[in-house]
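Raw query-v4.pdb, PDB, C-alpha atoms:
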ATOM      1  CA  MET D   1      -1.871 -22.395  12.595
ATOM      2  CA  ILE D   2      -0.954 -19.250  10.656
ATOM      3  CA  GLU D   3       0.344 -16.529  12.986
ATOM      4  CA  SER D   4       0.754 -13.548  10.662
ATOM      5  CA  ILE D   5       1.813 -12.346   7.243
ATOM      6  CA  SER D   6       5.537 -11.659   7.159
ATOM      7  CA  ALA D   7       5.612  -9.767   3.874
ATOM      8  CA  ILE D   8       3.922  -9.054   0.594
ATOM      9  CA  THR D   9       6.097  -8.735  -2.519
ATOM     10  CA  LEU D  10       4.844  -6.675  -5.456
ATOM     11  CA  ALA D  11       6.322  -6.584  -8.955
ATOM     12  CA  THR D  12       7.357  -3.326 -10.610
ATOM     13  CA  HIS D  13       8.517  -2.305 -14.067
ATOM     14  CA  ASP D  14      10.080   0.901 -12.682
ATOM     15  CA  MET D  15      11.787   0.579  -9.292
ATOM     16  CA  ALA D  16      12.544   4.309  -8.942
ATOM     17  CA  ARG D  17       8.896   5.244  -9.565
ATOM     18  CA  ALA D  18       7.644   2.559  -7.164
ATOM     19  CA  VAL D  19      10.122   3.540  -4.428
ATOM     20  CA  ALA D  20       9.027   7.182  -4.750
ATOM     21  CA  PHE D  21       5.370   6.168  -4.325
ATOM     22  CA  TYR D  22       5.927   4.015  -1.212
ATOM     23  CA  ARG D  23       8.195   6.617   0.387
ATOM     24  CA  ALA D  24       5.522   9.271  -0.244
ATOM     25  CA  ALA D  25       3.010   6.985   1.494
ATOM     26  CA  GLY D  26       5.289   6.896   4.548
ATOM     27  CA  PHE D  27       6.796   3.416   4.266
ATOM     28  CA  GLU D  28      10.289   3.211   5.800
ATOM     29  CA  MET D  29      12.800   1.754   3.327
ATOM     30  CA  LEU D  30      15.067  -0.870   4.891
ATOM     31  CA  TYR D  31      16.932  -2.289   1.900
ATOM     32  CA  GLY D  32      17.439  -1.586  -1.792
ATOM     33  CA  GLY D  33      16.379   1.647  -3.424
ATOM     34  CA  GLU D  34      15.714   3.309  -6.750
ATOM     35  CA  ASN D  35      18.355   1.326  -8.667
ATOM     36  CA  ALA D  36      17.963  -2.026  -6.886
ATOM     37  CA  GLY D  37      16.370  -5.184  -8.213
ATOM     38  CA  PHE D  38      14.714  -5.772  -4.820
ATOM     39  CA  THR D  39      13.597  -3.233  -2.217
ATOM     40  CA  SER D  40      12.100  -3.827   1.206
ATOM     41  CA  PHE D  41      10.001  -1.469   3.345
ATOM     42  CA  ARG D  42       8.730  -1.815   6.903
ATOM     43  CA  ALA D  43       4.952  -2.293   7.144
ATOM     44  CA  GLY D  44       4.146  -2.427  10.854
ATOM     45  CA  LEU D  45       5.582  -5.716  12.092
ATOM     46  CA  GLY D  46       5.858  -7.033   8.530
ATOM     47  CA  TYR D  47       7.319  -5.957   5.235
ATOM     48  CA  LEU D  48       6.293  -4.709   1.821
ATOM     49  CA  ASN D  49       8.792  -5.729  -0.848
ATOM     50  CA  LEU D  50       9.214  -4.631  -4.440
ATOM     51  CA  ILE D  51      10.850  -6.800  -7.078
ATOM     52  CA  ALA D  52      11.896  -5.472 -10.483
ATOM     53  CA  GLN D  53      10.457  -7.283 -13.492
ATOM     54  CA  SER D  54      11.229  -6.895 -17.174
ATOM     55  CA  ALA D  55       8.840  -4.930 -19.388
ATOM     56  CA  ASP D  56       7.601  -8.139 -21.053
ATOM     57  CA  LYS D  57       6.108  -9.351 -17.749
ATOM     58  CA  VAL D  58       2.403  -8.515 -17.632
ATOM     59  CA  TRP D  59       0.054  -8.800 -14.690
ATOM     60  CA  SER D  60      -3.575  -7.961 -14.158
ATOM     61  CA  TRP D  61      -5.675  -7.342 -11.087
ATOM     62  CA  TRP D  62      -4.571  -9.771  -8.381
ATOM     63  CA  GLY D  63      -6.370  -8.480  -5.304
ATOM     64  CA  ARG D  64      -5.731  -5.777  -2.729
ATOM     65  CA  ALA D  65      -3.254  -5.234   0.105
ATOM     66  CA  ILE D  66      -4.771  -3.490   3.129
ATOM     67  CA  PHE D  67      -2.652  -1.510   5.582
ATOM     68  CA  TYR D  68      -3.891  -0.146   8.896
ATOM     69  CA  VAL D  69      -2.767   3.419   9.583
ATOM     70  CA  ALA D  70      -3.232   5.713  12.576
ATOM     71  CA  ASP D  71      -5.200   8.325  10.595
ATOM     72  CA  VAL D  72      -6.897   7.427   7.303
ATOM     73  CA  ASP D  73      -7.725  11.026   6.406
ATOM     74  CA  ALA D  74      -4.157  12.191   7.082
ATOM     75  CA  MET D  75      -2.793   9.399   4.838
ATOM     76  CA  HIS D  76      -5.206  10.421   2.088
ATOM     77  CA  ALA D  77      -4.079  14.070   2.415
ATOM     78  CA  ARG D  78      -0.414  13.019   2.419
ATOM     79  CA  LEU D  79      -0.793  11.144  -0.868
ATOM     80  CA  LEU D  80      -2.737  14.030  -2.447
ATOM     81  CA  ALA D  81      -0.015  16.466  -1.358
ATOM     82  CA  ALA D  82       2.608  14.213  -2.979
ATOM     83  CA  GLY D  83       0.718  14.401  -6.280
ATOM     84  CA  TYR D  84      -0.991  11.001  -6.219
ATOM     85  CA  ARG D  85      -4.710  10.556  -6.869
ATOM     86  CA  PRO D  86      -6.445   7.989  -4.647
ATOM     87  CA  ASP D  87      -9.207   5.958  -6.299
ATOM     88  CA  THR D  88     -11.717   6.796  -3.564
ATOM     89  CA  GLU D  89     -12.273   9.344  -0.818
ATOM     90  CA  PRO D  90     -11.999   8.162   2.809
ATOM     91  CA  ARG D  91     -15.284   6.739   4.045
ATOM     92  CA  ASP D  92     -16.774   4.682   6.855
ATOM     93  CA  ALA D  93     -17.701   1.132   5.859
ATOM     94  CA  THR D  94     -20.562  -0.935   7.217
ATOM     95  CA  TRP D  95     -18.061  -3.600   8.330
ATOM     96  CA  GLY D  96     -16.510  -1.185  10.846
ATOM     97  CA  GLU D  97     -13.514   0.429   9.151
ATOM     98  CA  ARG D  98     -12.687   3.843   7.722
ATOM     99  CA  PHE D  99     -10.728   3.365   4.488
ATOM    100  CA  PHE D 100      -9.789   4.508   1.003
ATOM    101  CA  HIS D 101      -8.270   2.786  -2.033
ATOM    102  CA  ILE D 102      -5.337   3.853  -4.199
ATOM    103  CA  THR D 103      -3.618   2.121  -7.095
ATOM    104  CA  ASP D 104       0.173   2.279  -7.071
ATOM    105  CA  PRO D 105       2.070   3.206 -10.260
ATOM    106  CA  ASP D 106       2.316  -0.483 -11.267
ATOM    107  CA  GLY D 107      -1.420  -1.161 -10.924
ATOM    108  CA  HIS D 108      -1.394  -2.791  -7.471
ATOM    109  CA  GLU D 109      -4.474  -1.861  -5.473
ATOM    110  CA  LEU D 110      -3.894  -0.787  -1.874
ATOM    111  CA  SER D 111      -6.252   0.222   0.893
ATOM    112  CA  PHE D 112      -5.356   2.276   3.920
ATOM    113  CA  ALA D 113      -7.771   1.656   6.768
ATOM    114  CA  ARG D 114      -8.469   1.984  10.475
ATOM    115  CA  PRO D 115     -11.073   0.186  12.594
ATOM    116  CA  LEU D 116     -13.889   2.503  13.654
ATOM    117  CA  PRO D 117     -14.477   2.962  17.373
ATOM    118  CA  ARG D 118     -17.278   0.738  18.624
ATOM    119  CA  ALA D 119     -20.376   2.405  19.980
ATOM    120  CA  PRO D 120     -21.000   1.723  23.669
ATOM    121  CA  ALA D 121     -23.385  -1.195  24.233
TER
END

Any chance you could put this one into structure tokens?
Amino acid sequence: MIESISAITLATHDMARAVAFYRAAGFEMLYGGENAGFTSFRAGLGYLNLIAQSADKVWSWWGRAIFYVADVDAMHARLLAAGYRPDTEPRDATWGERFFHITDPDGHELSFARPLPRAPA
């Protein structure tokens, strides 16, 4: 039985640019950095990793990584204040989460979300 995801590793053509984005989003860097070939950030109990790839490596849409945060609207405001432009505004979804999407500088789609409180029965 699968217990959890340990980490997700995303490719980047520009480690310094990617590190700046994830730091601005509030991820805590544990290893690597702007000039490293591999960088690791804490993501709750797991990890988000970045791996440098040469410019000839090309990728297209692969899916979406979703991260729960304490305050979706505050995360959205934080990214706006850092100069990033989320793809969507925060909104409540019919499946019971508040969320928004943003694409990182390398084209990886991320969502920041929080379960909505359940209405009393």

Would you write out, as a Markdown table, a table of all residues in range 31-105 of chain D that have an atom no more than 8 Å from an atom of range 8-26 of chain D, listing for each the closest atom pair and the distance in Å to one decimal, considering only C-alpha atoms and ordering rows by chain and rising residue number?
| residue | atom | partner | partner_atom | distance |
| --- | --- | --- | --- | --- |
| D:Gly33 | CA | D:Val19 | CA | 6.6 |
| D:Glu34 | CA | D:Ala16 | CA | 4.0 |
| D:Asn35 | CA | D:Ala16 | CA | 6.5 |
| D:Ala36 | CA | D:Met15 | CA | 7.1 |
| D:Gly37 | CA | D:Met15 | CA | 7.4 |
| D:Thr39 | CA | D:Val19 | CA | 7.9 |
| D:Tyr47 | CA | D:Ile8 | CA | 6.5 |
| D:Leu48 | CA | D:Ile8 | CA | 5.1 |
| D:Asn49 | CA | D:Thr9 | CA | 4.4 |
| D:Leu50 | CA | D:Leu10 | CA | 4.9 |
| D:Ile51 | CA | D:Ala11 | CA | 4.9 |
| D:Ala52 | CA | D:Thr12 | CA | 5.0 |
| D:Gln53 | CA | D:His13 | CA | 5.4 |
| D:Ser54 | CA | D:His13 | CA | 6.2 |
| D:Ala55 | CA | D:His13 | CA | 5.9 |
| D:Met75 | CA | D:Ala25 | CA | 7.1 |
| D:Arg78 | CA | D:Ala25 | CA | 7.0 |
| D:Leu79 | CA | D:Ala25 | CA | 6.1 |
| D:Ala82 | CA | D:Ala24 | CA | 6.4 |
| D:Asp104 | CA | D:Phe21 | CA | 7.0 |
| D:Pro105 | CA | D:Ala18 | CA | 6.4 |

Which residues, written as a PDB file with C-alpha atoms, in the frame of the given file, have at least one atom at most 12 Å from Ala65 in chain D, with only C-alpha atoms counted and residues fewer than 4 positions away on the same chain left out?
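Writing done, so here's selection-v1.pdb:
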ATOM      1  CA  ILE D   5       1.813 -12.346   7.243  1.00  0.00           C
ATOM      2  CA  ALA D   7       5.612  -9.767   3.874  1.00  0.00           C
ATOM      3  CA  ILE D   8       3.922  -9.054   0.594  1.00  0.00           C
ATOM      4  CA  THR D   9       6.097  -8.735  -2.519  1.00  0.00           C
ATOM      5  CA  LEU D  10       4.844  -6.675  -5.456  1.00  0.00           C
ATOM      6  CA  ALA D  43       4.952  -2.293   7.144  1.00  0.00           C
ATOM      7  CA  TYR D  47       7.319  -5.957   5.235  1.00  0.00           C
ATOM      8  CA  LEU D  48       6.293  -4.709   1.821  1.00  0.00           C
ATOM      9  CA  TRP D  61      -5.675  -7.342 -11.087  1.00  0.00           C
ATOM     10  CA  PHE D 100      -9.789   4.508   1.003  1.00  0.00           C
ATOM     11  CA  HIS D 101      -8.270   2.786  -2.033  1.00  0.00           C
ATOM     12  CA  ILE D 102      -5.337   3.853  -4.199  1.00  0.00           C
ATOM     13  CA  THR D 103      -3.618   2.121  -7.095  1.00  0.00           C
ATOM     14  CA  ASP D 104       0.173   2.279  -7.071  1.00  0.00           C
ATOM     15  CA  GLY D 107      -1.420  -1.161 -10.924  1.00  0.00           C
ATOM     16  CA  HIS D 108      -1.394  -2.791  -7.471  1.00  0.00           C
ATOM     17  CA  GLU D 109      -4.474  -1.861  -5.473  1.00  0.00           C
ATOM     18  CA  LEU D 110      -3.894  -0.787  -1.874  1.00  0.00           C
ATOM     19  CA  SER D 111      -6.252   0.222   0.893  1.00  0.00           C
ATOM     20  CA  PHE D 112      -5.356   2.276   3.920  1.00  0.00           C
ATOM     21  CA  ALA D 113      -7.771   1.656   6.768  1.00  0.00           C
TER      22      ALA D 113
END

Where is the centre and how long are the edges: axis-aligned box on range 113-118 of chain D, 5 Å on each side, Å to one decimal, as AutoDock Vina command-line options:
--center_x -12.5 --center_y 1.6 --center_z 12.7 --size_x 19.5 --size_y 12.8 --size_z 21.9

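Evaluated on this file, the PyMOL selection byres ((chain D and resi 114) around 7) matches Tyr68, Val69, Ala70, Val72, Glu97, Arg98, Phe99, Ala113, Pro115 and Leu116 of chain D.
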
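From CA of Leu45 in chain D back to CA of His76 in chain D, the distance works out to 21.8 Å.
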